[in-house]
Amino acid sequence: MDWLSNPDIWKYGSIPLIAAFIGWSTNWLAIKLTFYPLEFTGLKPIFGWQGIIPSKAERMAVISVDSTISRIGTVQEVFEQIDPSVLAEHIVATVLPRIEEYVDEFMLSEHPTLWENLPTSMKSMVYSRVRKSAPSLIDKLVEDIGEQVEDLLDIKDMVTRQLVADKHLLNRIFLECGDAEFRFIINSGLGFGLLFGMLQMGLWALFPNLWVLPVCGFLVGWATNWIALNVIFRPLHPIKIGPIRLHGLFLKRQKEVAGSFCGIVTHEILTVGRIVNAMLNGPQSARTRSLIKKHVKPIVDDTVGISKPLTQIALGPKKFADLKMKVGDRAVEISSEMLNDPMFNQERAEAVERIMRARMEALSPGEFQDLLRPCFQEDEIKLIAIGGVLGALAGLLQLIFIFDWTF
């Protein structure tokens with residue numbers, strides 16, 4: 001056992017161990033640098049870093065829509081799964097108990113003198129008319145929106161705005177869907193690094209030249225990242241070699257990933273509340289608001305019909321027209337408020353999730369890999385190169401501190 005006391009044995013033995021550490025640490029760092037920090041840290045524009053995904057949030061969001069969401073459900077299909085009849089019932093059930101509150105709030109805000117002087121019996125008739133007209137109005141409004149939803153909602157703009165504003169959510173889409181793959185990348189660095197380290201040790205024993213450890217360190221850092229990234233997505237289709245079946249790790253988990261992805265999309269992105277908010281505040285907001293006001297105006301005429309002469313005399317023609325517009329504006333606000341109910345959003349999300357998940361599970365391997373692949377394709381070479389540079393640095397330090405090499 002005297003050979004164990006030979007310091008050269010320990011020095012040589014450290015090579016594969018350090019290579020394993022290099023492989024593990026560079027892969028770990030590559031994953032971290034892909035997602036963090038969320039905002040640029042350092043001195044712009046060169047000295048610092050922002051996670052690759054957050055730094056290209058808008059592009060990544062667009063890719064997510066184009067490569068996945070748009071393939072597993074159109075705006076029309078999402079709206080149909082939300083179910084317009086259920087949507088209308090929810091709005092009616094929310095509005096009717098608060099009819100008096102809404103009417104009083106609006107009239108006291110806009111025309112307090114008129115409303116306060118109106119006889120109680122006439123106010124009651126106004127409440128009754130609004131309550132009677134509301135269900136039919138809401139049914140027609142929801143039906144009209146359903147027929148025009150493709151023109152009223154720009155789903156790419158909606159998703160992009162949300163993910164650019166919430167980079168943490170953007171990261172979560174990739175991190176939760178690719179959790180197993182990211183762990184594999186990190187842990188595989190240890191095994192691949194150890195394997196390459198054994199080859200590096202043999203090369204160093206044969207050619208103990210100055211360049212060997214830094215160059216081999218660079219190759220270890222580079223190769224472990226490159227192999228890990230490719231094993232995730234390749235081969236695209238299963239290949240059987242004897243008893244071994246080769247298939248990209250991410251592609252093997254299509255059903256599991258579909259569940260994670262569709263869960264996030266339907267419960268946190270394509271919710272009823274967010275869809276309505278996008279319609280009311282997105283690129284086509286003017287059309288949506290105009291549609292709501294068009295359906296609300298008749299209810300004003302019908303409601304004040306019982307006191308129209310009195311109302312017009314009190315307000316004048318111009319103010320009476322303004323009244324219709326303001327009622328329409330308030331209807332827009334109420335629409336946004338009532339459809340942000342968490343319980344209702346949760347219930348409708350589950351209905352949308354079922355169809356999206358089934359369609360995502362049916363995607364071809366090429367289409368499916370587009371869910372996670374973009375987060376590596378964006379500046380993938382940078383991540384691999386970082387692994388190589390850190391590996392070369394580790395090899396240089398090994399040369400200096402373990403083998404006492406002087407320059």
# chains A, B, ... in the order shown; residues from 1 in each chain; ligands from 1
$ select_by_dssp --residues "stretch 112-333 of chain A" --states "alpha helix (DSSP H)" --output "PyMOL selection string"
chain A and resi 112-117+120-152+155-165+167-177+179-206+212-233+249-252+254-264+272-281+285-303+308-333
$ residues_around --residues "A:Ala30" --least-positions-apart "5" --cutoff "10 Å" --atoms "only C-alpha atoms" --output "MDAnalysis selection string"
chainID A and resid 24:25 35 51 182 185:186 225 376 380 382:387
$ residues_around --residues "A:Ala88" --least-positions-apart "2" --cutoff "10 Å" --atoms "only C-alpha atoms" --output "ChimeraX atom specification"
/A:83-86,90-94,135-143
$ closest_residue --among "A:Arg253, A:Asn209, A:Gly189, A:Gly197" --to "A:Ile15" --atoms "only C-alpha atoms"
A:Gly197
$ closest_residue --among "A:Glu337, A:Glu367, A:Asp66, A:Glu176" --to "A:Asn277" --atoms "only C-alpha atoms"
A:Glu337
$ residues_around --residues "A:Gly391" --least-positions-apart "3" --cutoff "12 Å" --atoms "only C-alpha atoms" --output "PyMOL selection string"
chain A and resi 18-27+29+189+193+196-197+213-225+384-388+394-398
$ write_last_selection --atoms "C-alpha atoms" --output "compact mmCIF listing (two decimals), in the first residue's frame"
# COMPACT_ATOMS: atom_id res chain seq x y z
CA ILE A 18 -12.00 18.05 -10.40
CA ALA A 19 -13.30 17.38 -13.93
CA ALA A 20 -16.50 15.97 -12.39
CA PHE A 21 -16.86 19.10 -10.28
CA ILE A 22 -16.21 21.28 -13.34
CA GLY A 23 -18.89 19.40 -15.28
CA TRP A 24 -21.42 19.70 -12.46
CA SER A 25 -20.71 23.34 -11.58
CA THR A 26 -20.61 24.64 -15.15
CA ASN A 27 -23.90 22.92 -15.96
CA LEU A 29 -24.22 27.76 -13.65
CA GLY A 189 -22.30 17.13 -15.63
CA GLY A 193 -17.10 15.24 -16.17
CA PHE A 196 -13.80 12.98 -19.45
CA GLY A 197 -11.57 13.42 -16.41
CA LEU A 213 -5.04 20.64 -18.24
CA PRO A 214 -6.44 24.05 -19.36
CA VAL A 215 -7.37 22.70 -22.82
CA CYS A 216 -8.91 19.55 -21.36
CA GLY A 217 -10.73 21.66 -18.76
CA PHE A 218 -12.17 23.76 -21.58
CA LEU A 219 -13.26 20.62 -23.45
CA VAL A 220 -14.85 19.15 -20.30
CA GLY A 221 -16.82 22.33 -19.59
CA TRP A 222 -17.88 22.63 -23.23
CA ALA A 223 -18.67 18.97 -23.87
CA THR A 224 -20.67 18.31 -20.68
CA ASN A 225 -22.98 21.23 -21.50
CA ILE A 384 -21.67 26.24 -23.74
CA ALA A 385 -18.80 28.69 -24.14
CA ILE A 386 -19.13 29.83 -20.52
CA GLY A 387 -18.79 26.21 -19.47
CA GLY A 388 -15.68 25.90 -21.60
CA ALA A 394 -10.23 25.35 -13.42
CA GLY A 395 -7.61 23.43 -15.42
CA LEU A 396 -5.20 26.35 -15.12
CA LEU A 397 -5.72 26.59 -11.35
CA GLN A 398 -5.25 22.83 -11.10
$ closest_atom_pairs --of "stretch 78-178 of chain A" --to "stretch 288-293 of chain A" --cutoff "9 Å" --atoms "only C-alpha atoms" --output "JSON lines"
{"residue": "A:Leu141", "atom": "CA", "partner": "A:Ile292", "partner_atom": "CA", "distance": 6.8}
{"residue": "A:Asp144", "atom": "CA", "partner": "A:Leu291", "partner_atom": "CA", "distance": 8.2}
{"residue": "A:Ile145", "atom": "CA", "partner": "A:Leu291", "partner_atom": "CA", "distance": 7.9}
{"residue": "A:Leu152", "atom": "CA", "partner": "A:Thr288", "partner_atom": "CA", "distance": 6.2}
{"residue": "A:Leu153", "atom": "CA", "partner": "A:Thr288", "partner_atom": "CA", "distance": 8.9}
$ write_last_selection --atoms "N, CA and C atoms" --output "CSV table (one decimal), in the first residue's frame"
chain,number,residue,atom,x,y,z
A,141,LEU,N,-75.2,40.5,-25.3
A,141,LEU,CA,-73.8,41.1,-25.3
A,141,LEU,C,-72.8,39.9,-25.4
A,144,ASP,N,-72.8,38.4,-28.8
A,144,ASP,CA,-72.2,39.2,-29.8
A,144,ASP,C,-70.6,39.2,-29.6
A,145,ILE,N,-70.2,39.2,-28.4
A,145,ILE,CA,-68.7,39.1,-28.1
A,145,ILE,C,-68.2,37.7,-28.7
A,152,LEU,N,-61.7,40.8,-31.4
A,152,LEU,CA,-61.7,41.7,-30.2
A,152,LEU,C,-60.4,41.3,-29.4
A,153,LEU,N,-59.9,40.1,-29.5
A,153,LEU,CA,-58.8,39.7,-28.7
A,153,LEU,C,-57.6,39.3,-29.5
$ closest_residue --among "A:Gln81, A:Ser121, A:Ser64, A:Asn340" --to "A:Gly273" --atoms "only C-alpha atoms"
A:Asn340
$ residues_around --residues "A:Ser260" --least-positions-apart "4" --cutoff "7 Å" --atoms "only C-alpha atoms" --output "list in words"
Glu176, Cys177, Glu256 and Ile264 of chain A
$ closest_residue --among "A:Gly202, A:Gly146, A:Gly191, A:Gly73" --to "A:Arg357" --atoms "only C-alpha atoms"
A:Gly73
$ closest_residue --among "A:Ser109, A:Gln284, A:Asn345, A:Ser55" --to "A:Thr34" --atoms "only C-alpha atoms"
A:Ser55
$ select_by_dssp --residues "stretch 118-361 of chain A" --states "strand (DSSP E or B)" --output "VMD selection string"
chain A and resid 239 to 241 244 to 246
$ closest_residue --among "A:Val159, A:Ile355, A:Ile53, A:Ala205" --to "A:Gly282" --atoms "only C-alpha atoms"
A:Val159
